[in-house]
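Colleague: Starting off with a structure, shown below.
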Amino acid sequence: MTYAIVWDEVAIDAASRFLKDDPDGLRQLMDAVDLLAEQPRPEGSAEYRSADLRRMYVGRYRVMYEITETTVTIVVIHVGRLG
């Protein structure tokens, strides 16, 4: 099953703020999120309060996303950066 990846507007805004000073890190984050379409619960991701709300770290970034089985969708709801 392939999931559709949908970016919440708040997550897009957060990611765009990091683009200027870290385009390579952001590209790595985007590539990792794209892979969620085929494997929404990859090794290294963790449940966050429920099985369908998850957090994943990619380099110095973290991304929170929600898996919706009924519409086969992954909604990226938050992007943040460590340090």
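Chain labels A, B, ... are given in the sequence in which chains occur in the structure tokens; within each chain residues are numbered consecutively from 1, and ligands are likewise numbered from 1 in the order shown.
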Determine, counting only C-alpha atoms, which protein, DNA and RNA residues have an atom within 7 Å of an atom of range 47-63 of chain A; residues of the same chain fewer than 3 positions away are not included. Present the result as an MDAnalysis selection string.
Modeller: chainID A and resid 29 44 66:67 78:82
Colleague: If we count only C-alpha atoms and set the cut-off at 10 Å, which residues sit around Ser16 in chain A, ignoring sequence neighbours fewer than 6 positions away in its own chain? Please answer as JSON, numbers by chain.
Modeller: {"A": [10, 23, 26, 79]}
Colleague: Take the residues from that selection and write them out as a PDB file, in the first residue's frame, keeping C-alpha atoms.
Modeller:
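Just written: again_13.pdb:
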```pdb
ATOM      1  CA  VAL A  10       2.567  24.980   9.543  1.00  0.00           C
ATOM      2  CA  PRO A  23      19.488  23.205   2.120  1.00  0.00           C
ATOM      3  CA  LEU A  26      16.368  19.919   4.506  1.00  0.00           C
ATOM      4  CA  VAL A  79       9.151  20.083  11.555  1.00  0.00           C
TER       5      VAL A  79
END
```
Colleague: Could you check how far CA of Val76 in chain A sits from CA of Asp22 in chain A, in Å to one decimal?
Modeller: 19.5 Å
Colleague: Calculated over only C-alpha atoms, which of the candidates A:Gly83, A:Val75, A:Thr68, A:Leu35 has the smallest distance to Ile12 in chain A?
Modeller: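 Using only C-alpha atoms, the shortest distance to Ile12 in chain A belongs to A:Val75.
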Colleague: Could you work out how far CA of Tyr3 in chain A lies from CA of Val72 in chain A, giving the answer in Å with one decimal?
Modeller: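 So the answer is 4.9 Å.
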Colleague: Among chain A, which ones does DSSP assign to strand (DSSP E or B) (computed from the backbone)? Answer as a PyMOL selection string.
Modeller: chain A and resi 4-7+46-50+53-58+61-68+73-81
Colleague: Provide the CA of Lys20 in chain A to CA of Asp8 in chain A distance in Å, to one decimal place.
Modeller: 20.1 Å
Colleague: If you count only C-alpha atoms, which residues fall within 10 Å of Thr2 in chain A, apart from same-chain ones fewer than 5 positions away, as a list in words?
Modeller: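 After dropping sequence-adjacent residues, the list is Leu35, Leu36, Ala37, Glu38, Gln39, Pro40, Val72 and Thr73 of chain A.
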Colleague: Could you save the residues just selected, with C-alpha atoms, as a CSV table (one decimal), in the first residue's frame?
Modeller:
```csv
chain,number,residue,atom,x,y,z
A,35,LEU,CA,10.1,7.3,1.9
A,36,LEU,CA,7.2,7.2,4.4
A,37,ALA,CA,4.8,6.7,1.5
A,38,GLU,CA,6.1,3.1,1.2
A,39,GLN,CA,7.0,2.5,4.9
A,40,PRO,CA,5.1,4.7,7.3
A,72,VAL,CA,-4.1,6.1,3.2
A,73,THR,CA,-2.5,9.5,4.0
```
Colleague: Identify, with DSSP run on backbone atoms, the residues in chain A assigned to alpha helix (DSSP H), and express the list as a VMD selection string.
Modeller: chain A and resid 9 to 19 23 to 35
